[in-house]
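Here the structure is laid out as structure tokens; the discussion comes afterwards.
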Amino acid sequence: MIGLSLVVVLGLAVLLGNALGDRFHIAPPIVLLVFGALLGFVPALREVELPPEAVLLIFLPVLLYWESLTTSLREIRRDLRGIILMSTVLVIGTAGAVAAVAHELGLAWGPAWVLGAAVAPTDATAVGVLAKSLPRRNVTLLRAESLINDGTALVVYGLAVGITVGEEHFTVPHVTGLFAVSYVGGAAAGALTAWLVIRARRVFDDPLLGNVAMILTPFTAYLLAELIEASGVLAAVVAGLIMSQAGPRVAGAAMRRQAEESWSLATFLLNGSLFVLVGLQAQSAVRSLHGSDLTQALIAVGVVSAVVVAARFAFNFTFPYLIRLLDRRPQQRLRRMNYRARVVTSIAGFRGAVSLAVALSVPMTLDSGAPFPDRDTIVFVTSGVIVTTLVVQGLLLPIVVRWARLPRDTSVEEERFLAESTATEEALKALPEVADDLGTDPAVAERMRQEYETHLLVVRAGGGETDDEDEDVLRHDRHYTALRLALLAHKRATVLRLRDDHDIDDTVLRQVQRHLDIEEVRLSRRQAAD
């Protein structure tokens with residue numbers, strides 16, 4: 001019964017949390033965290049624990065795959081060097097800084113490095129939700145960093161735990177080998193999975209079967225990587241990036257529409273549920289410590305949170321200048337960010353469910369059978385750092401963005417105008433030849449030409465500065481869209497009346513309604529864009 005209750009409670013929390021966040025202009029993850037902490041006071045929910053396997057093997061592959069599938073590979077290539085440095089050097093540096101501070105606060109070196117590895121990586125889910133209002137380049141840098149740095153953190157974590165329990169040893173060749181297997185093996189597993197899925201999509205024409213293959217993609221990539229002890233995180237990311245390039249060529253329109261709608265809903269629910277569960281786990285972590293241990297742990301949360309942010313600032317204000325000294329090429333100068341943009345990037349380093357999953361994965365005992373030292377402290381401090389970064393930095397980010405006065409990013413609008421206008425122009429040029437090849441009736445071809453020319457006028461009118469003639473074109477298009485929507489409403493009412501009068505069956509209603517819905521969604525999105 002507790003499982004069903006949890007499903008209902010999580011669903012209600014996600015629903016109300018997002019609604020309240022939108023209503024009061026607060027980032028929904030912050031509201032969801034608060035909801036999760038409050039739910040911890042419900043006696044029946046106090047026994048709920050978030051298994052690390054649920055995040056690492058169920059939540060994480062899906063969320064990372066969708067994030068990578070919807071990330072710009074072109075932007076990643078342009079800033080690849082910075083992304084790699086932030087995903088490796090910054091993560092290792094942050095883990096080391098946290099480990100040094102945690103050791104000074106009383107943790108042994110092994111548990112201190114485990115804590116450092118847990119809080120070092122940023123979270124793709126949190127970044128995607130809280131930083132989505134930033135310019136495209138900033139968002140891409142943050143998302144790409146958070147997609148890749150989990151692999152680095154998990155290698156550091158595995159090494160720290162292995163040394164602590166007595167299963168690993170630290171030598172430079174051994175550590176180098178671990179990183180090589182993690183990255184090379186993970187990338188290879190992701191590439192192999194993507195290749196198999198591309199072949200499968202060419203076989204399965206049915207949208208449902210094609211989307212089943214898509215659902216299996218991140219889990220298969222993750223599994224293959226885990227089998228060779230490589231990075232499952234990187235495998236899911238690489239598979240997503242490859243599919244983002246190959247998918248538009250191997251998937252049909254029906255499959256893409258079905259995938260986008262279903263995955264958007266699924267990732268929305270998973271994201272929201274994770275934030276609620278993190279809040280619930282944070283409250284549980286508070287109950288695990290008492291007295292002086294709790295006081296010391298609270299101090300550690302504040303200190304470690306400050307170190308995490310300070311390490312990010314230190315990296316962003318040292319390595320870019322070092323790169324400027326070493327690389328004087330003109331294209332490198334074009335990629336430079338001013339100090340205000342780097343402050344925004346530093347503030348946007350949120351921690352999330354991956355960090356909590358790493359902390360919860362810490363084993364209970366050593367090889368000797370003794371308890372793993374300071375495990376409760378590691379879980380508590382990690383939970384506290386997650387909450388602190390999400391709440392404090394999440395509330396600070398809009399203020400910092402306004403202070404930074406980042407230039408408005410119009411590149412998406414400009415490229416969309418280029419794509420729509422060029423595609424329509426070339427379709428018009430090809431129309432006579434295509435109509436001849438198909439044997440199309442001249443009247444039909446003329447009707448199509450008029451529709452395309454009208455669409456081209458609307459695209460051009462909305463592509464930049466508008467004059468009186470452009471305003472007339474846009475006004476007529478708005479009137480046309482509103483009229484089409486009103487007539488669709490009349491058609492829908494008629495079909496429903498026929499069903500209610502038993503003149504048509506529910507099956508027929510659904511078939512007709514599907515076409516009406518597709519047209520209404522298309523027109524509504526067009527109206528919203530205008």
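Please note that chains go A, B, ... in the order of the structure tokens, that every chain numbers its residues from 1, and that ligands are numbered from 1 in the order shown.
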Using only C-alpha atoms, determine which residues lie at most 6 Å from segment 283-288 of chain A, disregarding the query and same-chain residues fewer than 3 positions distant; provide the list as a PyMOL selection string. chain A and resi 37+40+280+380
Would you output that residue set with all heavy atoms, as a compact mmCIF listing (two decimals), in the first residue's frame?
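File part.txt, as written:
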# COMPACT_ATOMS: atom_id res chain seq x y z
N ALA A 37 10.67 17.87 1.83
CA ALA A 37 11.05 17.98 3.25
C ALA A 37 9.82 17.93 4.15
O ALA A 37 9.83 17.30 5.21
CB ALA A 37 11.83 19.26 3.47
N GLY A 40 8.41 14.54 4.72
CA GLY A 40 9.16 13.73 5.68
C GLY A 40 8.56 13.71 7.07
O GLY A 40 8.90 12.85 7.89
N LEU A 280 12.80 14.77 0.51
CA LEU A 280 12.41 13.75 1.48
C LEU A 280 13.65 13.09 2.09
O LEU A 280 13.72 12.87 3.31
CB LEU A 280 11.55 12.70 0.79
CG LEU A 280 10.89 11.63 1.65
CD1 LEU A 280 9.90 12.25 2.63
CD2 LEU A 280 10.18 10.60 0.77
N PHE A 380 24.38 13.02 4.91
CA PHE A 380 23.79 14.26 5.41
C PHE A 380 24.40 15.47 4.73
O PHE A 380 23.67 16.37 4.26
CB PHE A 380 24.00 14.37 6.92
CG PHE A 380 23.46 15.64 7.51
CD1 PHE A 380 22.14 15.73 7.91
CD2 PHE A 380 24.28 16.76 7.65
CE1 PHE A 380 21.64 16.91 8.44
CE2 PHE A 380 23.78 17.94 8.16
CZ PHE A 380 22.47 18.02 8.57
Pick out the residues sitting within 12 Å of segment 503-517 of chain A, and hand them over as an NGL selection string; count only C-alpha atoms, and ignore anything fewer than 6 positions along from it in its own chain. :A and (484-497 or 523-524)
Filtering to all heavy atoms, could you give me those residues as a short mmCIF file (atom, residue, chain, number, x, y, z; two decimals), in the first residue's frame?
data_model
loop_
_atom_site.label_atom_id
_atom_site.label_comp_id
_atom_site.auth_asym_id
_atom_site.auth_seq_id
_atom_site.Cartn_x
_atom_site.Cartn_y
_atom_site.Cartn_z
N ARG A 484 -9.78 29.56 -38.40
CA ARG A 484 -9.62 28.10 -38.50
C ARG A 484 -9.89 27.43 -37.16
O ARG A 484 -10.54 26.37 -37.10
CB ARG A 484 -8.21 27.76 -39.00
CG ARG A 484 -7.92 28.10 -40.45
CD ARG A 484 -8.63 27.13 -41.39
NE ARG A 484 -8.21 25.77 -41.21
CZ ARG A 484 -7.19 25.20 -41.85
NH1 ARG A 484 -6.48 25.93 -42.70
NH2 ARG A 484 -6.88 23.94 -41.66
N LEU A 485 -9.38 28.01 -36.08
CA LEU A 485 -9.60 27.43 -34.76
C LEU A 485 -11.08 27.46 -34.38
O LEU A 485 -11.59 26.49 -33.79
CB LEU A 485 -8.77 28.19 -33.72
CG LEU A 485 -7.26 27.92 -33.73
CD1 LEU A 485 -6.53 28.91 -32.82
CD2 LEU A 485 -6.97 26.49 -33.28
N ALA A 486 -11.75 28.54 -34.70
CA ALA A 486 -13.19 28.63 -34.39
C ALA A 486 -13.99 27.59 -35.17
O ALA A 486 -14.91 26.95 -34.63
CB ALA A 486 -13.69 30.04 -34.69
N LEU A 487 -13.65 27.40 -36.45
CA LEU A 487 -14.35 26.40 -37.25
C LEU A 487 -14.04 24.99 -36.77
O LEU A 487 -14.93 24.11 -36.80
CB LEU A 487 -13.96 26.56 -38.73
CG LEU A 487 -14.47 27.84 -39.40
CD1 LEU A 487 -13.91 27.95 -40.81
CD2 LEU A 487 -15.99 27.88 -39.41
N LEU A 488 -12.82 24.76 -36.31
CA LEU A 488 -12.48 23.45 -35.73
C LEU A 488 -13.33 23.17 -34.50
O LEU A 488 -13.76 22.04 -34.27
CB LEU A 488 -10.99 23.39 -35.37
CG LEU A 488 -10.00 23.14 -36.52
CD1 LEU A 488 -8.57 23.25 -36.01
CD2 LEU A 488 -10.23 21.76 -37.14
N ALA A 489 -13.56 24.19 -33.69
CA ALA A 489 -14.41 24.02 -32.51
C ALA A 489 -15.83 23.62 -32.91
O ALA A 489 -16.45 22.76 -32.27
CB ALA A 489 -14.42 25.31 -31.69
N HIS A 490 -16.34 24.21 -33.98
CA HIS A 490 -17.67 23.85 -34.47
C HIS A 490 -17.68 22.40 -34.99
O HIS A 490 -18.65 21.65 -34.75
CB HIS A 490 -18.10 24.82 -35.59
CG HIS A 490 -18.65 26.10 -35.08
ND1 HIS A 490 -19.93 26.25 -34.61
CD2 HIS A 490 -18.08 27.32 -34.95
CE1 HIS A 490 -20.14 27.49 -34.22
NE2 HIS A 490 -19.03 28.18 -34.41
N LYS A 491 -16.65 22.01 -35.70
CA LYS A 491 -16.56 20.63 -36.20
C LYS A 491 -16.51 19.65 -35.02
O LYS A 491 -17.18 18.60 -35.05
CB LYS A 491 -15.33 20.47 -37.09
CG LYS A 491 -15.41 21.23 -38.41
CD LYS A 491 -14.13 21.11 -39.20
CE LYS A 491 -13.95 19.70 -39.78
NZ LYS A 491 -12.77 19.65 -40.68
N ARG A 492 -15.75 20.01 -34.00
CA ARG A 492 -15.64 19.11 -32.84
C ARG A 492 -16.98 18.97 -32.14
O ARG A 492 -17.39 17.86 -31.75
CB ARG A 492 -14.58 19.66 -31.88
CG ARG A 492 -14.21 18.69 -30.75
CD ARG A 492 -13.24 19.34 -29.78
NE ARG A 492 -12.10 19.92 -30.47
CZ ARG A 492 -11.07 19.21 -30.89
NH1 ARG A 492 -11.04 17.91 -30.70
NH2 ARG A 492 -10.06 19.81 -31.50
N ALA A 493 -17.68 20.09 -31.98
CA ALA A 493 -19.00 20.04 -31.34
C ALA A 493 -19.97 19.19 -32.14
O ALA A 493 -20.79 18.45 -31.58
CB ALA A 493 -19.54 21.46 -31.16
N THR A 494 -19.88 19.28 -33.46
CA THR A 494 -20.78 18.50 -34.32
C THR A 494 -20.50 17.01 -34.16
O THR A 494 -21.44 16.19 -34.04
CB THR A 494 -20.59 18.91 -35.79
OG1 THR A 494 -20.90 20.31 -35.92
CG2 THR A 494 -21.51 18.10 -36.69
N VAL A 495 -19.23 16.64 -34.17
CA VAL A 495 -18.87 15.22 -34.04
C VAL A 495 -19.31 14.68 -32.69
O VAL A 495 -19.81 13.55 -32.59
CB VAL A 495 -17.34 15.05 -34.25
CG1 VAL A 495 -16.94 13.60 -34.01
CG2 VAL A 495 -16.94 15.48 -35.65
N LEU A 496 -19.14 15.48 -31.64
CA LEU A 496 -19.57 15.04 -30.31
C LEU A 496 -21.10 14.87 -30.27
O LEU A 496 -21.61 13.94 -29.64
CB LEU A 496 -19.12 16.06 -29.26
CG LEU A 496 -17.63 16.05 -28.92
CD1 LEU A 496 -17.29 17.23 -28.02
CD2 LEU A 496 -17.24 14.75 -28.23
N ARG A 497 -21.83 15.78 -30.92
CA ARG A 497 -23.28 15.65 -30.94
C ARG A 497 -23.71 14.38 -31.66
O ARG A 497 -24.63 13.67 -31.22
CB ARG A 497 -23.90 16.88 -31.64
CG ARG A 497 -25.42 16.95 -31.49
CD ARG A 497 -26.05 17.98 -32.39
NE ARG A 497 -26.05 17.53 -33.78
CZ ARG A 497 -25.49 18.18 -34.78
NH1 ARG A 497 -24.84 19.32 -34.57
NH2 ARG A 497 -25.55 17.71 -36.02
N LEU A 523 -2.23 24.81 -35.19
CA LEU A 523 -2.66 26.20 -35.26
C LEU A 523 -2.45 26.94 -33.94
O LEU A 523 -2.10 28.12 -33.93
CB LEU A 523 -4.14 26.26 -35.66
CG LEU A 523 -4.46 25.83 -37.10
CD1 LEU A 523 -5.97 25.69 -37.29
CD2 LEU A 523 -3.88 26.81 -38.11
N SER A 524 -2.63 26.24 -32.82
CA SER A 524 -2.44 26.88 -31.51
C SER A 524 -0.98 27.25 -31.30
O SER A 524 -0.67 28.32 -30.77
CB SER A 524 -2.93 25.95 -30.39
OG SER A 524 -4.30 25.69 -30.52
#
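The interatomic distance for the pair atom CA of Val308 of chain A and atom CA of Ala95 of chain A works out to 8.5 Å.
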Residues of segment 74-224 of chain A classed as alpha helix (DSSP H) by DSSP on the backbone are to be reported as number ranges by chain. A: 74-78, 80-104, 109-119, 124-130, 136-165, 172-180, 186-203, 207-224
Per residue of segment 373-411 of chain A within 9 Å of segment 303-307 of chain A, note the shortest atom pair and the distance in Å to one decimal, counting only C-alpha atoms, and order the rows by chain and increasing residue number, as a tab-separated table.
residue	atom	partner	partner_atom	distance
A:Val381	CA	A:Val304	CA	8.0
A:Thr382	CA	A:Val304	CA	9.0
A:Gly384	CA	A:Ser305	CA	8.3
A:Val385	CA	A:Ser305	CA	5.4
A:Ile386	CA	A:Ser305	CA	8.5
A:Thr388	CA	A:Ser305	CA	7.0
A:Thr389	CA	A:Ser305	CA	7.2
